[in-house]
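Below is run-v5.txt, which holds compact mmCIF, C-alpha atoms and all ligand atoms.
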# COMPACT_ATOMS: atom_id res chain seq x y z
CA MET A 1095 155.80 -22.56 -126.97
CA ARG A 1096 158.48 -25.24 -127.08
CA TRP A 1097 162.17 -24.44 -126.76
CA HIS A 1098 164.60 -26.84 -128.42
CA GLY A 1099 167.90 -25.07 -127.81
CA ASP A 1100 168.48 -24.20 -131.45
CA SER A 1101 164.89 -23.38 -132.48
CA LEU A 1102 161.58 -22.28 -130.99
CA ASP A 1103 158.24 -23.90 -131.86
CA LEU A 1104 155.17 -21.67 -131.60
CA LEU A 1105 151.57 -22.85 -131.84
CA ASP A 1106 150.12 -20.68 -134.61
CA GLN A 1107 147.39 -18.71 -132.81
CA ARG A 1108 146.13 -17.30 -136.12
CA LEU A 1109 144.78 -20.72 -137.10
CA LEU A 1110 143.14 -21.76 -133.82
CA PRO A 1111 140.66 -23.24 -133.14
CA ALA A 1112 140.33 -24.75 -136.61
CA GLU A 1113 143.87 -26.05 -136.84
CA GLU A 1114 146.66 -26.87 -134.36
CA HIS A 1115 149.70 -26.01 -136.42
CA TRP A 1116 153.18 -25.37 -135.00
CA ILE A 1117 155.64 -22.98 -136.62
CA THR A 1118 159.38 -23.43 -136.10
CA ALA A 1119 161.39 -20.22 -135.74
CA GLU A 1120 165.10 -20.85 -136.26
CA GLY A 1121 166.35 -17.32 -135.72
CA ALA A 1122 165.51 -14.00 -134.08
CA GLY A 1123 164.13 -12.66 -137.37
CA GLY A 1124 161.66 -15.54 -137.53
CA VAL A 1125 160.55 -14.93 -133.93
CA ALA A 1126 160.15 -11.18 -134.60
CA GLN A 1127 157.99 -11.97 -137.60
CA CYS A 1128 155.86 -14.38 -135.53
CA ILE A 1129 155.28 -11.61 -132.97
CA ARG A 1130 154.44 -9.01 -135.65
CA ASP A 1131 152.04 -11.40 -137.42
CA MET A 1132 150.39 -12.57 -134.16
CA VAL A 1133 151.44 -16.21 -134.48
CA VAL A 1134 152.22 -15.60 -130.81
CA ARG A 1135 150.49 -12.81 -128.89
CA GLY A 1136 149.59 -11.78 -125.36
CA ALA A 1137 151.93 -9.54 -123.37
CA PRO A 1138 153.89 -12.11 -121.34
CA ALA A 1139 154.12 -14.59 -124.25
CA ILE A 1140 155.52 -11.86 -126.49
CA GLY A 1141 158.24 -11.09 -123.92
CA ILE A 1142 159.13 -14.76 -123.42
CA SER A 1143 159.30 -15.48 -127.17
CA ALA A 1144 161.46 -12.40 -127.75
CA ALA A 1145 163.88 -13.59 -125.06
CA TYR A 1146 164.12 -16.99 -126.78
CA GLY A 1147 164.56 -15.12 -130.10
CA ALA A 1148 167.57 -13.26 -128.72
CA ALA A 1149 168.98 -16.57 -127.44
CA LEU A 1150 168.60 -18.00 -130.97
CA ALA A 1151 170.53 -15.03 -132.36
CA ALA A 1152 173.43 -15.91 -130.06
CA ARG A 1153 173.15 -19.62 -130.86
CA HIS A 1154 173.47 -18.98 -134.61
CA ALA A 1155 175.76 -15.90 -134.67
CA ALA A 1156 179.02 -15.87 -136.61
CA ASP A 1157 182.16 -16.13 -134.46
CA ASP A 1158 183.73 -12.94 -135.83
CA ASN A 1159 180.69 -10.66 -135.64
CA TRP A 1160 178.53 -12.00 -132.80
CA ARG A 1161 178.20 -8.82 -130.73
CA GLU A 1162 176.77 -6.84 -133.66
CA GLU A 1163 174.53 -9.70 -134.80
CA VAL A 1164 172.94 -10.24 -131.39
CA SER A 1165 172.53 -6.49 -130.77
CA ARG A 1166 170.81 -6.09 -134.14
CA ALA A 1167 168.54 -9.04 -133.39
CA ILE A 1168 167.53 -7.51 -130.04
CA GLU A 1169 166.69 -4.25 -131.86
CA GLU A 1170 164.60 -6.11 -134.44
CA LEU A 1171 162.71 -7.98 -131.72
CA ALA A 1172 162.07 -4.73 -129.81
CA ALA A 1173 160.49 -3.21 -132.93
CA SER A 1174 157.98 -6.05 -133.39
CA ARG A 1175 155.06 -4.61 -131.35
CA PRO A 1176 154.84 -1.34 -129.39
CA THR A 1177 152.30 -1.58 -126.55
CA ALA A 1178 153.02 -4.55 -124.27
CA VAL A 1179 155.92 -3.49 -122.06
CA ASN A 1180 156.78 -7.12 -121.25
CA LEU A 1181 158.60 -7.23 -124.60
CA PHE A 1182 160.98 -4.41 -123.62
CA TRP A 1183 161.28 -5.69 -120.05
CA ALA A 1184 162.35 -9.15 -121.26
CA LEU A 1185 164.82 -7.71 -123.79
CA GLN A 1186 166.31 -5.46 -121.09
CA ARG A 1187 166.95 -8.52 -118.93
CA ILE A 1188 168.52 -10.28 -121.90
CA THR A 1189 170.65 -7.23 -122.75
CA ALA A 1190 171.94 -6.95 -119.17
CA VAL A 1191 173.13 -10.57 -119.33
CA PHE A 1192 174.50 -10.16 -122.86
CA GLU A 1193 176.65 -7.20 -121.81
CA GLN A 1194 178.43 -9.39 -119.24
CA CYS A 1195 179.37 -12.10 -121.76
CA ALA A 1196 182.98 -12.31 -122.88
CA THR A 1197 182.63 -15.00 -125.58
CA LEU A 1198 180.00 -16.17 -128.05
CA LYS A 1199 179.87 -19.57 -126.33
CA GLU A 1200 179.12 -17.89 -123.01
CA ALA A 1201 176.47 -15.65 -124.63
CA ALA A 1202 174.71 -18.61 -126.28
CA THR A 1203 174.48 -20.49 -122.97
CA ARG A 1204 173.60 -17.56 -120.75
CA LEU A 1205 170.97 -15.99 -123.01
CA ALA A 1206 169.19 -19.33 -123.34
CA ASP A 1207 169.31 -19.76 -119.55
CA GLU A 1208 167.92 -16.25 -119.04
CA ALA A 1209 165.09 -16.86 -121.53
CA LYS A 1210 164.18 -20.11 -119.75
CA ALA A 1211 164.24 -18.26 -116.40
CA ILE A 1212 161.92 -15.54 -117.76
CA HIS A 1213 159.57 -18.29 -118.97
CA GLN A 1214 159.57 -20.19 -115.65
CA GLU A 1215 159.19 -17.02 -113.57
CA ASP A 1216 156.15 -16.00 -115.60
CA LEU A 1217 154.48 -19.34 -114.94
CA ALA A 1218 155.24 -19.01 -111.21
CA ALA A 1219 153.87 -15.43 -111.23
CA ASN A 1220 150.61 -16.66 -112.77
CA LEU A 1221 150.15 -19.22 -110.01
CA ALA A 1222 150.93 -16.65 -107.30
CA MET A 1223 148.49 -14.13 -108.84
CA ALA A 1224 145.69 -16.70 -108.75
CA ASP A 1225 146.33 -17.15 -105.00
CA HIS A 1226 146.34 -13.39 -104.35
CA ALA A 1227 143.22 -12.80 -106.46
CA LEU A 1228 141.17 -15.46 -104.72
CA ARG A 1229 142.11 -14.09 -101.31
CA ALA A 1230 141.21 -10.54 -102.44
CA MET A 1231 137.86 -11.65 -103.91
CA GLY A 1232 136.94 -13.45 -100.69
CA ALA A 1233 134.31 -15.51 -102.57
CA ASP A 1234 132.62 -18.21 -100.52
CA GLN A 1235 129.91 -19.03 -103.08
CA PRO A 1236 130.41 -19.81 -106.79
CA VAL A 1237 130.51 -16.61 -108.85
CA SER A 1238 130.07 -15.78 -112.52
CA VAL A 1239 132.68 -13.59 -114.16
CA LEU A 1240 133.19 -11.94 -117.52
CA THR A 1241 136.51 -11.71 -119.34
CA HIS A 1242 137.89 -10.07 -122.48
CA CYS A 1243 140.55 -11.10 -124.98
CA ASN A 1244 142.76 -14.13 -124.25
CA THR A 1245 144.91 -14.14 -121.11
CA GLY A 1246 145.40 -17.88 -120.75
CA ALA A 1247 148.22 -20.35 -121.27
CA LEU A 1248 148.48 -19.21 -124.89
CA ALA A 1249 149.20 -15.63 -123.83
CA THR A 1250 151.67 -16.38 -121.02
CA GLY A 1251 154.33 -18.80 -119.81
CA GLY A 1252 151.42 -21.12 -118.91
CA TYR A 1253 148.22 -21.10 -116.76
CA GLY A 1254 147.29 -17.48 -117.46
CA THR A 1255 146.76 -14.13 -115.76
CA ALA A 1256 143.03 -13.24 -115.72
CA LEU A 1257 142.30 -16.68 -117.13
CA GLY A 1258 144.57 -18.17 -114.46
CA VAL A 1259 142.34 -16.63 -111.78
CA ILE A 1260 139.29 -18.05 -113.57
CA ARG A 1261 141.01 -21.45 -113.86
CA ARG A 1262 141.77 -21.39 -110.12
CA LEU A 1263 138.16 -20.40 -109.26
CA HIS A 1264 137.07 -23.46 -111.21
CA GLU A 1265 139.64 -25.71 -109.50
CA VAL A 1266 138.29 -24.77 -106.05
CA GLU A 1267 134.66 -25.01 -107.23
CA LEU A 1268 134.00 -21.29 -106.85
CA LEU A 1269 133.24 -20.63 -110.52
CA ASP A 1270 129.67 -20.73 -111.71
CA ARG A 1271 130.27 -19.56 -115.30
CA VAL A 1272 132.62 -17.43 -117.33
CA TYR A 1273 131.30 -15.16 -120.04
CA ALA A 1274 133.92 -14.64 -122.74
CA ASP A 1275 133.69 -11.53 -124.92
CA GLU A 1276 134.43 -12.58 -128.50
CA THR A 1277 136.87 -9.61 -128.68
CA ARG A 1278 136.54 -7.99 -132.07
CA PRO A 1279 138.30 -7.56 -134.38
CA TRP A 1280 140.87 -10.34 -133.96
CA LEU A 1281 138.52 -12.61 -131.97
CA GLN A 1282 140.98 -13.67 -129.26
CA GLY A 1283 137.96 -14.42 -127.03
CA SER A 1284 136.06 -16.73 -129.34
CA ARG A 1285 139.01 -18.34 -131.08
CA LEU A 1286 141.41 -18.73 -128.14
CA THR A 1287 139.73 -18.20 -124.74
CA ALA A 1288 136.69 -20.34 -125.55
CA TRP A 1289 139.06 -22.99 -126.97
CA GLU A 1290 141.28 -23.04 -123.86
CA LEU A 1291 138.33 -23.13 -121.45
CA ALA A 1292 136.47 -25.80 -123.39
CA GLN A 1293 139.60 -27.98 -123.43
CA ASP A 1294 139.76 -27.78 -119.63
CA GLY A 1295 136.03 -28.36 -119.14
CA ILE A 1296 135.46 -24.91 -117.63
CA PRO A 1297 131.88 -23.67 -118.17
CA VAL A 1298 132.09 -20.88 -120.71
CA THR A 1299 129.47 -18.84 -122.53
CA LEU A 1300 130.69 -16.92 -125.54
CA ASN A 1301 129.08 -13.53 -126.18
CA ALA A 1302 129.40 -10.75 -128.74
CA ASP A 1303 131.22 -7.76 -127.23
CA GLY A 1304 128.04 -5.70 -127.55
CA ALA A 1305 126.18 -8.14 -125.27
CA ALA A 1306 128.37 -7.39 -122.24
CA ALA A 1307 126.12 -4.52 -121.02
CA ALA A 1308 123.02 -6.70 -121.13
CA ILE A 1309 124.84 -9.53 -119.33
CA LEU A 1310 126.04 -7.23 -116.53
CA ALA A 1311 122.54 -5.72 -116.25
CA GLN A 1312 121.14 -9.20 -115.52
CA GLY A 1313 123.04 -9.08 -112.21
CA HIS A 1314 124.68 -12.54 -112.21
CA VAL A 1315 128.24 -11.44 -112.93
CA ARG A 1316 130.22 -10.39 -109.84
CA TRP A 1317 133.58 -9.60 -111.44
CA VAL A 1318 134.98 -8.48 -114.77
CA ILE A 1319 138.51 -9.96 -114.85
CA VAL A 1320 141.02 -8.86 -117.52
CA GLY A 1321 144.76 -8.85 -118.19
CA ALA A 1322 147.01 -5.95 -119.14
CA ASP A 1323 149.65 -4.96 -121.66
CA ARG A 1324 151.06 -2.03 -119.69
CA ILE A 1325 150.26 -0.51 -116.29
CA THR A 1326 151.60 2.98 -115.60
CA ALA A 1327 152.78 4.57 -112.34
CA ASN A 1328 149.32 6.02 -111.56
CA GLY A 1329 147.55 2.65 -112.05
CA ASP A 1330 146.15 3.30 -115.56
CA VAL A 1331 145.95 0.09 -117.62
CA ALA A 1332 146.39 -0.50 -121.35
CA ASN A 1333 144.69 -3.69 -122.48
CA LYS A 1334 142.85 -5.10 -125.50
CA ILE A 1335 140.51 -2.65 -127.20
CA GLY A 1336 137.11 -2.81 -125.50
CA THR A 1337 138.50 -3.14 -121.97
CA TYR A 1338 137.78 0.51 -121.14
CA SER A 1339 134.11 0.19 -122.09
CA LEU A 1340 133.85 -2.88 -119.85
CA ALA A 1341 135.28 -0.89 -116.93
CA VAL A 1342 132.67 1.83 -117.47
CA LEU A 1343 129.94 -0.82 -117.62
CA ALA A 1344 131.23 -2.57 -114.49
CA ARG A 1345 131.19 0.68 -112.51
CA HIS A 1346 127.67 1.52 -113.74
CA HIS A 1347 126.36 -1.90 -112.69
CA GLY A 1348 128.25 -2.16 -109.38
CA VAL A 1349 130.36 -5.07 -110.64
CA GLY A 1350 134.00 -5.47 -109.49
CA PHE A 1351 136.71 -4.75 -112.07
CA MET A 1352 139.97 -6.66 -111.62
CA VAL A 1353 143.19 -6.44 -113.64
CA VAL A 1354 145.60 -9.38 -113.33
CA ALA A 1355 149.15 -8.99 -114.66
CA PRO A 1356 152.70 -9.89 -113.65
CA SER A 1357 155.01 -7.11 -112.45
CA SER A 1358 156.76 -7.36 -115.85
CA THR A 1359 153.67 -5.52 -117.20
CA VAL A 1360 154.19 -2.57 -114.82
CA ASP A 1361 155.96 0.43 -116.32
CA MET A 1362 156.76 2.87 -113.51
CA ALA A 1363 158.70 5.03 -115.99
CA LEU A 1364 155.41 6.23 -117.50
CA VAL A 1365 153.41 8.65 -115.39
CA SER A 1366 149.99 7.88 -116.86
CA GLY A 1367 148.17 5.92 -119.55
CA GLN A 1368 148.33 8.91 -121.89
CA ASP A 1369 152.01 8.12 -122.39
CA ILE A 1370 151.43 4.54 -123.60
CA PRO A 1371 152.04 3.96 -127.32
CA ILE A 1372 148.86 2.40 -128.67
CA GLU A 1373 149.33 0.04 -131.60
CA GLU A 1374 147.12 0.47 -134.66
CA ARG A 1375 146.92 -2.56 -136.93
CA ASP A 1376 145.94 -3.17 -140.52
CA ASP A 1377 142.45 -2.17 -141.73
CA ALA A 1378 142.01 -5.71 -143.03
CA GLU A 1379 141.57 -7.00 -139.45
CA VAL A 1380 138.31 -5.03 -139.24
CA LYS A 1381 137.21 -5.19 -142.87
CA SER A 1382 137.55 -8.92 -143.48
CA ILE A 1383 137.88 -12.32 -141.89
CA ARG A 1384 140.32 -14.76 -143.51
CA GLY A 1385 140.03 -12.81 -146.76
CA ILE A 1386 136.20 -12.69 -146.78
CA PRO A 1387 135.06 -9.04 -146.98
CA LEU A 1388 132.87 -7.75 -144.12
CA ALA A 1389 132.78 -4.13 -145.27
CA PRO A 1390 132.65 -2.23 -148.53
CA ASP A 1391 135.95 -1.93 -150.32
CA GLY A 1392 137.63 1.40 -149.64
CA VAL A 1393 135.76 2.20 -146.41
CA ASN A 1394 137.78 4.22 -143.89
CA VAL A 1395 138.79 2.16 -140.82
CA TYR A 1396 140.17 3.04 -137.37
CA ASN A 1397 141.80 0.00 -135.75
CA PRO A 1398 143.54 0.79 -132.44
CA VAL A 1399 144.08 -2.62 -130.83
CA PHE A 1400 144.44 -1.42 -127.23
CA ASP A 1401 142.74 1.18 -125.06
CA VAL A 1402 143.54 2.73 -121.69
CA THR A 1403 141.34 2.19 -118.65
CA PRO A 1404 141.81 4.96 -116.08
CA ALA A 1405 142.86 3.80 -112.61
CA SER A 1406 139.71 5.38 -111.11
CA LEU A 1407 137.57 2.64 -112.76
CA ILE A 1408 139.70 -0.24 -111.42
CA ASP A 1409 138.98 -1.98 -108.12
CA LEU A 1410 141.98 -4.33 -107.96
CA ILE A 1411 145.30 -4.71 -109.72
CA VAL A 1412 146.66 -8.15 -108.90
CA THR A 1413 150.35 -8.96 -109.47
CA GLU A 1414 152.60 -11.70 -108.10
CA LYS A 1415 154.03 -9.09 -105.71
CA GLY A 1416 150.62 -8.41 -104.19
CA VAL A 1417 147.40 -6.50 -104.74
CA VAL A 1418 146.82 -2.76 -105.25
CA ARG A 1419 143.27 -1.81 -104.22
CA LYS A 1420 141.71 1.29 -105.79
CA PRO A 1421 145.00 1.95 -107.60
CA ASP A 1422 146.63 5.36 -107.59
CA ARG A 1423 150.20 6.68 -107.58
CA ALA A 1424 150.66 6.07 -103.84
CA GLY A 1425 149.36 2.50 -104.02
CA MET A 1426 151.52 1.72 -107.05
CA ASP A 1427 154.59 3.30 -105.40
CA ALA A 1428 154.04 1.24 -102.26
CA LEU A 1429 154.33 -2.01 -104.28
CA PHE A 1430 156.60 -1.06 -107.18
CA GLY A 1431 158.33 2.22 -106.26
O1 LIG B 1501 146.88 -8.07 -129.34
P1 LIG B 1501 147.08 -9.15 -128.32
O2 LIG B 1501 146.29 -10.39 -128.57
O3 LIG B 1501 148.54 -9.42 -128.07
O4 LIG B 1501 146.51 -8.50 -126.98
C1 LIG B 1501 146.49 -9.27 -125.81
C2 LIG B 1501 145.85 -8.60 -124.66
O5 LIG B 1501 145.44 -7.46 -124.74
C3 LIG B 1501 145.83 -9.34 -123.36
O6 LIG B 1501 144.69 -9.02 -122.63
C4 LIG B 1501 147.07 -8.95 -122.55
O7 LIG B 1501 148.22 -9.08 -123.34
C5 LIG B 1501 147.22 -9.78 -121.36
S1 LIG B 1501 147.73 -11.43 -121.74
C6 LIG B 1501 148.05 -12.24 -120.33

Just give me the structure as structure tokens.
Amino acid sequence: MRWHGDSLDLLDQRLLPAEEHWITAEGAGGVAQCIRDMVVRGAPAIGISAAYGAALAARHAADDNWREEVSRAIEELAASRPTAVNLFWALQRITAVFEQCATLKEAATRLADEAKAIHQEDLAANLAMADHALRAMGADQPVSVLTHCNTGALATGGYGTALGVIRRLHEVELLDRVYADETRPWLQGSRLTAWELAQDGIPVTLNADGAAAAILAQGHVRWVIVGADRITANGDVANKIGTYSLAVLARHHGVGFMVVAPSSTVDMALVSGQDIPIEERDDAEVKSIRGIPLAPDGVNVYNPVFDVTPASLIDLIVTEKGVVRKPDRAGMDALFG
């Protein structure tokens, strides 16, 4: 994303990899719509864009009604998607700053500064997580890994969470190959992850989600590495639909299962994954691709776009604050309590 002070440019992730098209959002409503429609997606990127959206609301608010206008904009942004807690975390930071502002001029400057800080801190967190993850993996020979969804620069403030770890493995010549699940139904893996990795010359093999079991059974993959949309106080993890089945597969095959996410993804207010609101999206995402039908008209569809992986199936949760091994309430409390 590109911040211009009075507008926000977002690379339209719905059109990748076929087309690199940027959308300009000039107000909070435009940013909220981009989040709802998945022009921008990925937990940290949603939070960062929402923060810029709130800053735009202050930048363009009317002098006589600015408090109401900005508050309404923050509410609209908060309603854009329900599962990734980074959205609410970022808007809470913005709200705390907003409440201290005495004038519209002050609010416009300080909300933009806060949004830029949230953006920069996320990038720094990604780099720190890559360091922690490599130390925790202790790899001394190149390894193959498998990932799900897109957790790269497109989904974050830059570099990536799970994909940041994979990027770093490649930088230090410890990556043999990354298998990328295509990630039905929205195809974040094939459209975005394969695109990002190919651009950086990182060896990637794209596979249908259903091929993951056969790939793990072959014994070459040492780690499944994924991101997260919300991590609860007991170490349960909500992430892109299909993550839970990968965790089951990893345990069955004796493969390590690592979750990489900034602390802005941790929600200590929720006791367990059962409390996480799971977004369901339009049937059309499953029934068609770009308007071409893939299923009979009128068929019943269930389209939850996230699932919850229980902490007991996770070997490592890596954040910029450090690593929780075999996560449980005590381990999470020790780092985030
Ligand atoms: O529906 P999406 O594309 O926003 O879902 C994204 C994911 O589930 C990612 O794995 C998660 O947000 C981590 S991104 C660093």

> Which residue out of A:Leu1269, A:Val1399, A:Val1239, A:Leu1407 has the minimum interatomic distance to Pro1176 of chain A when only C-alpha atoms are used?
Replying inline: A:Val1399

> Residues at most 12 Å from Leu1102 of chain A, counting all atoms listed in the file, excluding those fewer than 5 positions away in the same chain, as a PyMOL selection string?
Replying inline: chain A and resi 1095-1097+1116-1126+1128+1134+1142-1151+1153+1206+1209-1210

>> Can you pull out the residues contacting Leu1257 of chain A? Cut-off 12 Å, using all atoms listed in the file, and skip same-chain residues under 6 positions away; I want them as a ChimeraX atom specification.
In response: /A:1220-1221,1223-1224,1227,1239-1250,1263-1264,1269,1272-1274,1283,1286-1288,1290-1291,1294,1296,1298,1318-1322,1352-1355

Quick one: contact table of segment 1211-1310 of chain A to segment 1412-1427 of chain A, 12 Å max, nearest atom pair and distance in Å to one decimal per residue, counting only C-alpha atoms, chain and number order, as a tab-separated table?
residue	atom	partner	partner_atom	distance
A:Glu1215	CA	A:Glu1414	CA	10.1
A:Asp1216	CA	A:Glu1414	CA	9.3
A:Leu1217	CA	A:Glu1414	CA	10.4
A:Ala1218	CA	A:Glu1414	CA	8.4
A:Ala1219	CA	A:Glu1414	CA	5.0
A:Asn1220	CA	A:Glu1414	CA	7.1
A:Leu1221	CA	A:Glu1414	CA	8.1
A:Ala1222	CA	A:Glu1414	CA	5.3
A:Met1223	CA	A:Glu1414	CA	4.8
A:Ala1224	CA	A:Glu1414	CA	8.6
A:Asp1225	CA	A:Glu1414	CA	8.9
A:His1226	CA	A:Gly1416	CA	6.6
A:Ala1227	CA	A:Val1412	CA	6.3
A:Leu1228	CA	A:Val1412	CA	10.1
A:Arg1229	CA	A:Val1417	CA	9.9
A:Ala1230	CA	A:Val1417	CA	7.7
A:Met1231	CA	A:Val1412	CA	10.7
A:Thr1255	CA	A:Thr1413	CA	8.9
A:Ala1256	CA	A:Val1412	CA	9.3
A:Gly1258	CA	A:Val1412	CA	11.6
A:Val1259	CA	A:Val1412	CA	9.9

>> Around (144.7, -3.1, -139.4), as given in the file, which residues come within 6 Å? Count only C-alpha atoms and list them as a PyMOL selection string.
In response: chain A and resi 1375-1379+1397

>> Set the distance at 6 Å and use all atoms listed in the file: which residues neighbour Ile1325 of chain A once local chain neighbours fewer than 3 positions away are removed? I'd like the list as a list in words.
In response: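 Surrounding residues, per the criterion: Gly1329, Asp1330, Val1331, Val1360 and Asp1361 of chain A.
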